[in-house]
Amino acid sequence: MAQEGICIDDENENIIFTNEAFARSLGYQREELIGKNIFEIVCEEDKEKLREESRKRKRGKASRYELRFVARDGSIKTFIVSAIPLYKDGKFIGSLSVNLDITERKKAEEEVKRMLEKEKEFKRWTAHYFFNPICIAKGHLSILMEEVPEKYSKRIQKALHAIERVEKVVYNIVTRGEIKE
């Protein structure tokens with residue numbers, strides 16, 4: 001399991017301490033992060049969220065949120081940030097955050113979403129490609145049954161029954177993901 005990153009920033013969001021785990025997860029040496037403003041390494045789209053969370057801490061509130069950082073190589077890393085305000089003599093002096101890198105988990109979640117969407121699409125097309133010809137075959141056999149001598153109608157009835165069984169199986173595949181009647 002990955003070690004959680006720790007970061008301490010001052011009242012102006014300048015990093016004054018970070019552990020190796022946080023620096024390493026972003027591809028930096030600790031010394032490279034010390035002195036940087038936290039906004040320099042936060043993803044552009046998440047800067048407003050960080051501003052709001054920083055305002056909360058300045059009002060004395062701890063918070064937990066998801067935040068994306070830009071790693072040294074330009075890749076985006078997603079973290080769960082648990083941050084608390086720091087005080088000295090009753091005055092706000094900064095924040096301490098524990099940062100858990102969930103980038104791989106987020107990628108896995110996206111892959112699951114993609115696969116579920118693919119499964120839905122498969123079911124949609126399966127329904128279309130099977131139900132369409134099944135409907136046509138049933139329709140033609142029903143019409144044919146009315147036009148043929150009675151001695152052939154039993155055979156047509158058996159064919160209709162077999163088609164209805166296939167229809168039930170396809171329906172169960174599409175709606176329940178099960179191969180059964």
# chains A, B, ... in the order shown; residues from 1 in each chain; ligands from 1
call {"tool": "select_by_dssp", "arguments": {"residues": "chain A", "states": "strand (DSSP E or B)", "output": "PyMOL selection string"}}
result
chain A and resi 5-10+14-18+37+42+63-70+76-88+91-101
call {"tool": "atom_distance", "arguments": {"atom1": "atom CA of Ser95 of chain A", "atom2": "atom CA of Glu31 of chain A"}}
result
18.7 Å
call {"tool": "select_by_dssp", "arguments": {"residues": "chain A", "states": "alpha helix (DSSP H)", "output": "ChimeraX atom specification"}}
result
/A:20-25,30-33,47-58,103-147,150-176
call {"tool": "write_last_selection", "arguments": {"atoms": "C-alpha atoms", "output": "compact mmCIF listing (two decimals), in the first residue's frame"}}
result
# COMPACT_ATOMS: atom_id res chain seq x y z
CA GLU A 20 9.14 11.95 0.67
CA ALA A 21 5.93 10.07 -0.18
CA PHE A 22 4.10 13.20 -1.36
CA ALA A 23 7.08 14.53 -3.32
CA ARG A 24 7.80 11.14 -4.90
CA SER A 25 4.16 10.61 -5.91
CA ARG A 30 11.18 17.20 -1.32
CA GLU A 31 13.49 20.20 -1.66
CA GLU A 32 11.92 21.12 -5.01
CA LEU A 33 8.47 21.46 -3.45
CA LYS A 47 -7.76 25.71 -8.43
CA GLU A 48 -11.13 27.25 -7.58
CA LYS A 49 -12.01 24.19 -5.48
CA LEU A 50 -8.69 24.57 -3.62
CA ARG A 51 -9.39 28.29 -3.05
CA GLU A 52 -12.73 27.40 -1.46
CA GLU A 53 -11.20 24.67 0.69
CA SER A 54 -8.41 27.08 1.77
CA ARG A 55 -11.04 29.66 2.77
CA LYS A 56 -12.76 27.02 4.90
CA ARG A 57 -9.51 26.23 6.70
CA LYS A 58 -8.86 29.92 7.32
CA THR A 103 -4.89 7.95 -9.45
CA GLU A 104 -4.83 4.23 -10.19
CA ARG A 105 -8.17 3.72 -8.46
CA LYS A 106 -9.70 6.52 -10.57
CA LYS A 107 -8.29 4.93 -13.74
CA ALA A 108 -9.78 1.58 -12.71
CA GLU A 109 -13.15 3.24 -12.03
CA GLU A 110 -13.06 4.86 -15.47
CA GLU A 111 -12.21 1.51 -17.05
CA VAL A 112 -15.15 -0.12 -15.24
CA LYS A 113 -17.46 2.66 -16.51
CA ARG A 114 -16.13 2.19 -20.03
CA MET A 115 -16.65 -1.57 -19.87
CA LEU A 116 -20.18 -1.19 -18.48
CA GLU A 117 -21.00 1.18 -21.33
CA LYS A 118 -19.55 -1.33 -23.78
CA GLU A 119 -21.70 -4.06 -22.22
CA LYS A 120 -24.81 -1.87 -22.57
CA GLU A 121 -23.97 -1.23 -26.21
CA PHE A 122 -23.44 -4.95 -26.77
CA LYS A 123 -26.84 -5.73 -25.24
CA ARG A 124 -28.51 -3.05 -27.35
CA TRP A 125 -27.07 -4.44 -30.58
CA THR A 126 -27.73 -8.03 -29.50
CA ALA A 127 -31.38 -7.17 -28.97
CA HIS A 128 -31.56 -5.47 -32.37
CA TYR A 129 -29.79 -8.21 -34.34
CA PHE A 130 -31.74 -11.05 -32.75
CA PHE A 131 -35.20 -9.65 -32.09
CA ASN A 132 -35.58 -8.17 -35.57
CA PRO A 133 -35.17 -11.48 -37.48
CA ILE A 134 -37.04 -13.39 -34.76
CA CYS A 135 -40.01 -11.06 -35.20
CA ILE A 136 -39.90 -11.42 -38.97
CA ALA A 137 -39.69 -15.23 -38.76
CA LYS A 138 -42.57 -15.41 -36.27
CA GLY A 139 -44.68 -13.15 -38.47
CA HIS A 140 -44.07 -15.19 -41.61
CA LEU A 141 -44.68 -18.48 -39.82
CA SER A 142 -47.93 -17.17 -38.31
CA ILE A 143 -49.18 -16.11 -41.75
CA LEU A 144 -48.01 -19.39 -43.28
CA MET A 145 -49.85 -21.38 -40.61
CA GLU A 146 -53.13 -19.85 -41.75
CA GLU A 147 -52.46 -20.74 -45.39
CA GLU A 150 -53.62 -28.63 -41.15
CA LYS A 151 -51.13 -31.50 -41.43
CA TYR A 152 -48.30 -28.92 -41.72
CA SER A 153 -49.54 -26.55 -39.03
CA LYS A 154 -48.16 -28.77 -36.21
CA ARG A 155 -44.66 -28.47 -37.71
CA ILE A 156 -45.05 -24.72 -38.04
CA GLN A 157 -46.32 -24.55 -34.45
CA LYS A 158 -43.18 -26.43 -33.29
CA ALA A 159 -40.98 -24.00 -35.26
CA LEU A 160 -42.82 -21.04 -33.67
CA HIS A 161 -42.34 -22.58 -30.22
CA ALA A 162 -38.59 -23.04 -30.88
CA ILE A 163 -38.31 -19.42 -32.02
CA GLU A 164 -40.14 -18.25 -28.89
CA ARG A 165 -37.64 -20.21 -26.77
CA VAL A 166 -34.75 -18.49 -28.55
CA GLU A 167 -36.55 -15.17 -28.03
CA LYS A 168 -36.76 -15.83 -24.26
CA VAL A 169 -33.07 -16.72 -24.08
CA VAL A 170 -32.07 -13.56 -25.96
CA TYR A 171 -34.37 -11.49 -23.74
CA ASN A 172 -32.71 -12.93 -20.61
CA ILE A 173 -29.23 -12.27 -22.02
CA VAL A 174 -30.12 -8.67 -22.81
CA THR A 175 -32.01 -7.86 -19.60
CA ARG A 176 -30.34 -10.06 -16.98
call {"tool": "residues_around", "arguments": {"residues": "Arg68 of chain A", "least_positions_apart": "6", "cutoff": "6 Å", "atoms": "only C-alpha atoms", "output": "PyMOL selection string"}}
result
chain A and resi 43+77-78
call {"tool": "residues_around", "arguments": {"residues": "Val42 of chain A", "least_positions_apart": "4", "cutoff": "8 Å", "atoms": "only C-alpha atoms", "output": "PyMOL selection string"}}
result
chain A and resi 38+46-47+67-70
call {"tool": "write_last_selection", "arguments": {"atoms": "C-alpha atoms", "output": "PDB file, in the first residue's frame"}}
result
ATOM      1  CA  ILE A  38       0.518  24.832  -3.681  1.00  0.00           C
ATOM      2  CA  ASP A  46      -9.228  22.371  -9.523  1.00  0.00           C
ATOM      3  CA  LYS A  47      -7.764  25.707  -8.431  1.00  0.00           C
ATOM      4  CA  LEU A  67      -7.938  17.251  -5.797  1.00  0.00           C
ATOM      5  CA  ARG A  68      -5.880  16.798  -8.954  1.00  0.00           C
ATOM      6  CA  PHE A  69      -2.220  17.761  -9.057  1.00  0.00           C
ATOM      7  CA  VAL A  70       0.097  18.163 -12.032  1.00  0.00           C
TER       8      VAL A  70
END
call {"tool": "closest_residue", "arguments": {"among": "A:Glu181, A:Asp73, A:Asp101, A:Glu45", "to": "Tyr28 of chain A", "atoms": "only C-alpha atoms"}}
result
A:Asp73
call {"tool": "atom_distance", "arguments": {"atom1": "atom CA of Tyr65 of chain A", "atom2": "atom CA of Asn37 of chain A"}}
result
18.9 Å
call {"tool": "closest_residue", "arguments": {"among": "A:Phe17, A:Ile80, A:Ile8, A:Leu96", "to": "Ala62 of chain A", "atoms": "only C-alpha atoms"}}
result
A:Leu96
call {"tool": "atom_distance", "arguments": {"atom1": "atom CA of Ile93 of chain A", "atom2": "atom CA of Gly27 of chain A"}}
result
27.3 Å
call {"tool": "residues_around", "arguments": {"residues": "Asp9 of chain A", "least_positions_apart": "5", "cutoff": "6 Å", "atoms": "only C-alpha atoms", "output": "JSON, numbers by chain"}}
result
{"A": [14, 15, 16, 94, 95]}
call {"tool": "closest_residue", "arguments": {"among": "A:Ile6, A:Ile84, A:Ile76, A:Val148", "to": "Ile102 of chain A", "atoms": "only C-alpha atoms"}}
result
A:Ile76
